[in-house]
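What follows is a single structure, written as structure tokens, with notes after it.
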Amino acid sequence: MSESSPNGVTRRVAERGYRGIWVVLRDWFRVPEAPPSLPVPPTGVLQSFRPSEGYLRYLTLGFWIFVVVLNGAILIAWLTMSIAAPVAGLIFTLPAVALAIVPDVLSYVALRLRYDTTWYVLSDRSIRIRRGIWIIEEVTITFENVQNVSVAQGPVQRYFGIADVTIQTAGGGGAGPNGVATGGHMGIIEGISNAEQMRDAILAKVRASRHAGLGDEHHHDIHPGATGLGAAHLAMLRDIRDAVRAMPHSA
């Protein structure tokens with residue numbers, strides 16, 4: 001589609017108008033523009049990314065379906081009123097136009113804000129998901145607690161080349177607003193184009209994190225930091241170990 005065509009001009013005007021609204025809302029609600037941060041070891045890597053552009057097109061399709069349904073219903077109601085009572089139809093022309101336009105503008109701004117405020121930050125030990133402008137939600141999932149990582153892709157998502165990656169932790173509960181479960185038991189990485197690669201990368205980090213948490217499997221002594229026990233507990237376990245070793249063994 002040419003940028004000089006009417007649709008191209010309309011798209012550019014809408015984009016500029018949205019950017020102006022975004023600046024106002026960002027400053028008003030103090031929405032951070034930078035991605036969230038995570039603690040990273042000296043040798044670790046921090047990867048920040050957002051949903052793909054296909055996700056924005058996916059959301060835009062839902063927006064246009066909403067526009068067609070809403071404006072079609074308003075048009076039918078206005079035509080019915082104008083036929084039955086022409087004067088009433090004339091009086092309600094401007095309110096009908098406003099009723100058709102205002103929800104469209106608000107819906108478009110809402111979907112763009114949903115896209116622009118979504119961030120995913122991946123480290124070697126955890127992933128952090130942030131989204132929202134009115135209420136900013138951040139969920140951090142530590143890979144040591146992850147039990148399952150799966151990919152979900154509907155037919156419309158397949159058309160736009162995107163999918164969702166769902167991460168579930170021990171004791172996972174039901175999903176909350178925007179696909180994130182209350183209590184941090186589940187997180188969804190929405191609308192990415194490399195979902196299978198991301199799933200495999202997270203599973204690799206889960207395995208590496210659990211292996212690191214267990215320590216050296218071939219060393220039979222007890223070291224602080226290899227478990228979640230304190231110094232007193234470790235000392236008691238060493239005493240028990242030494243007592244068992246000192247016990248006489250029957251033939």
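Convention: chains lettered A, B, ... in structure tokens order; per-chain residue numbering from 1; ligands numbered from 1 as shown.
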
* **stretch 138-153 of chain A surroundings by only C-alpha atoms, 9 Å radius, close-in-sequence under 4 positions cut, as a ChimeraX atom specification** => /A:36,124-132,157-158,162-170,180-181,183-187,195-196,199-200,202-203,205-210,213

Would you output that residue set with N, CA and C atoms, as a short mmCIF file (atom, residue, chain, number, x, y, z; two decimals), in the first residue's frame?
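The resulting file, out_22.cif, is shown below:
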```cif
data_model
loop_
_atom_site.label_atom_id
_atom_site.label_comp_id
_atom_site.auth_asym_id
_atom_site.auth_seq_id
_atom_site.Cartn_x
_atom_site.Cartn_y
_atom_site.Cartn_z
N PRO A 36 12.07 -3.21 32.22
CA PRO A 36 12.44 -3.47 33.62
C PRO A 36 13.81 -4.12 33.69
N ASP A 124 19.68 -15.27 32.98
CA ASP A 124 20.01 -16.69 33.12
C ASP A 124 19.21 -17.36 34.23
N ARG A 125 18.66 -16.56 35.15
CA ARG A 125 17.99 -17.12 36.32
C ARG A 125 16.49 -16.88 36.38
N SER A 126 15.99 -15.88 35.65
CA SER A 126 14.58 -15.55 35.77
C SER A 126 14.10 -14.77 34.56
N ILE A 127 12.79 -14.58 34.48
CA ILE A 127 12.18 -13.74 33.45
C ILE A 127 11.20 -12.80 34.14
N ARG A 128 11.17 -11.57 33.69
CA ARG A 128 10.26 -10.57 34.24
C ARG A 128 9.34 -10.07 33.13
N ILE A 129 8.04 -10.03 33.43
CA ILE A 129 7.01 -9.60 32.48
C ILE A 129 6.37 -8.33 33.04
N ARG A 130 6.36 -7.27 32.22
CA ARG A 130 5.73 -6.02 32.65
C ARG A 130 4.78 -5.53 31.59
N ARG A 131 3.60 -5.09 32.03
CA ARG A 131 2.61 -4.53 31.12
C ARG A 131 1.68 -3.61 31.91
N GLY A 132 1.01 -2.71 31.18
CA GLY A 132 0.03 -1.85 31.83
C GLY A 132 0.46 -0.40 31.87
N GLN A 157 -3.55 -16.39 15.19
CA GLN A 157 -2.15 -16.14 15.54
C GLN A 157 -1.22 -16.78 14.53
N ARG A 158 -1.57 -17.97 14.07
CA ARG A 158 -0.73 -18.65 13.07
C ARG A 158 -0.66 -17.82 11.79
N ILE A 162 2.62 -15.49 14.97
CA ILE A 162 2.94 -15.28 16.38
C ILE A 162 2.38 -16.42 17.21
N ALA A 163 2.83 -16.51 18.45
CA ALA A 163 2.33 -17.51 19.39
C ALA A 163 2.62 -17.00 20.80
N ASP A 164 2.04 -17.68 21.79
CA ASP A 164 2.24 -17.35 23.19
C ASP A 164 3.03 -18.46 23.87
N VAL A 165 3.92 -18.07 24.77
CA VAL A 165 4.67 -19.02 25.58
C VAL A 165 4.15 -18.91 27.02
N THR A 166 3.66 -20.01 27.55
CA THR A 166 3.12 -20.04 28.91
C THR A 166 4.11 -20.72 29.83
N ILE A 167 4.43 -20.04 30.94
CA ILE A 167 5.38 -20.55 31.93
C ILE A 167 4.61 -20.80 33.22
N GLN A 168 4.64 -22.04 33.70
CA GLN A 168 3.94 -22.40 34.93
C GLN A 168 4.95 -22.82 35.99
N THR A 169 4.70 -22.38 37.22
CA THR A 169 5.57 -22.73 38.33
C THR A 169 4.86 -23.67 39.28
N ALA A 170 5.55 -24.11 40.29
CA ALA A 170 4.98 -25.04 41.26
C ALA A 170 3.77 -24.42 41.93
N VAL A 180 -1.72 -13.02 33.29
CA VAL A 180 -0.74 -13.30 34.33
C VAL A 180 -1.48 -13.76 35.58
N ALA A 181 -1.07 -14.89 36.11
CA ALA A 181 -1.79 -15.46 37.23
C ALA A 181 -1.48 -14.71 38.51
N GLY A 183 -0.39 -14.32 42.25
CA GLY A 183 0.61 -15.04 42.99
C GLY A 183 1.85 -15.35 42.18
N GLY A 184 1.88 -14.98 40.92
CA GLY A 184 3.05 -15.24 40.10
C GLY A 184 3.24 -16.69 39.72
N HIS A 185 2.17 -17.50 39.75
CA HIS A 185 2.28 -18.91 39.45
C HIS A 185 2.28 -19.21 37.95
N MET A 186 1.93 -18.23 37.15
CA MET A 186 1.94 -18.43 35.71
C MET A 186 2.19 -17.10 35.02
N GLY A 187 2.96 -17.13 33.97
CA GLY A 187 3.20 -15.93 33.16
C GLY A 187 3.10 -16.29 31.70
N ALA A 195 8.38 -18.30 19.21
CA ALA A 195 7.88 -18.91 20.43
C ALA A 195 8.57 -20.24 20.74
N GLU A 196 8.76 -21.09 19.74
CA GLU A 196 9.37 -22.39 19.99
C GLU A 196 10.82 -22.23 20.43
N ARG A 199 10.75 -21.03 23.99
CA ARG A 199 10.44 -22.13 24.90
C ARG A 199 11.68 -22.99 25.16
N ASP A 200 12.39 -23.35 24.10
CA ASP A 200 13.58 -24.18 24.25
C ASP A 200 14.67 -23.45 25.05
N ILE A 202 14.19 -21.15 27.37
CA ILE A 202 13.78 -21.11 28.77
C ILE A 202 13.98 -22.47 29.43
N LEU A 203 13.63 -23.55 28.72
CA LEU A 203 13.82 -24.88 29.28
C LEU A 203 15.30 -25.15 29.54
N LYS A 205 17.52 -22.88 30.30
CA LYS A 205 17.87 -22.10 31.48
C LYS A 205 17.31 -22.75 32.74
N VAL A 206 16.13 -23.37 32.64
CA VAL A 206 15.56 -24.08 33.78
C VAL A 206 16.46 -25.22 34.20
N ARG A 207 16.93 -26.01 33.22
CA ARG A 207 17.82 -27.13 33.54
C ARG A 207 19.13 -26.64 34.13
N ALA A 208 19.68 -25.57 33.54
CA ALA A 208 20.94 -25.04 34.05
C ALA A 208 20.78 -24.48 35.46
N SER A 209 19.67 -23.83 35.72
CA SER A 209 19.43 -23.23 37.04
C SER A 209 19.28 -24.31 38.10
N ARG A 210 18.56 -25.38 37.77
CA ARG A 210 18.38 -26.45 38.75
C ARG A 210 19.70 -27.18 39.01
N GLY A 213 21.70 -25.10 41.28
CA GLY A 213 21.17 -25.10 42.63
C GLY A 213 21.53 -26.34 43.41
#
```

* Give me the residues within 8 Å of stretch 93-100 of chain A as a list in words, counting only C-alpha atoms and dropping any in the same chain fewer than 6 places off. =>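 After dropping sequence-adjacent residues, the list is Leu70, Asn71, Ile74, Leu75 and Trp78 of chain A.
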
Keeping only N, CA and C atoms, take the residues you just selected and write them out as an mmCIF file, in the first residue's frame.
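This is the output file out-v5.cif:
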```
data_model
loop_
_atom_site.group_PDB
_atom_site.id
_atom_site.type_symbol
_atom_site.label_atom_id
_atom_site.label_comp_id
_atom_site.auth_asym_id
_atom_site.auth_seq_id
_atom_site.Cartn_x
_atom_site.Cartn_y
_atom_site.Cartn_z
ATOM 1 N N LEU A 70 -19.700 -2.631 16.225
ATOM 2 C CA LEU A 70 -20.293 -1.510 16.959
ATOM 3 C C LEU A 70 -20.921 -0.488 16.024
ATOM 4 N N ASN A 71 -20.137 -0.063 15.014
ATOM 5 C CA ASN A 71 -20.658 0.969 14.114
ATOM 6 C C ASN A 71 -21.811 0.450 13.270
ATOM 7 N N ILE A 74 -24.841 0.708 15.496
ATOM 8 C CA ILE A 74 -25.262 2.104 15.638
ATOM 9 C C ILE A 74 -25.940 2.587 14.362
ATOM 10 N N LEU A 75 -25.377 2.225 13.209
ATOM 11 C CA LEU A 75 -25.961 2.645 11.940
ATOM 12 C C LEU A 75 -27.356 2.064 11.754
ATOM 13 N N TRP A 78 -29.734 3.897 14.028
ATOM 14 C CA TRP A 78 -30.008 5.253 13.560
ATOM 15 C C TRP A 78 -30.918 5.243 12.333
#
```

* Which is closer to A:Glu190 than all the others in A:Ala73, A:Leu56, A:Ile240, A:Leu46, using only C-alpha atoms? -> A:Leu56

* Structure fact -> Correct to one decimal, the distance atom CA of A:Arg112-atom CA of A:Met198 is 23.9 Å
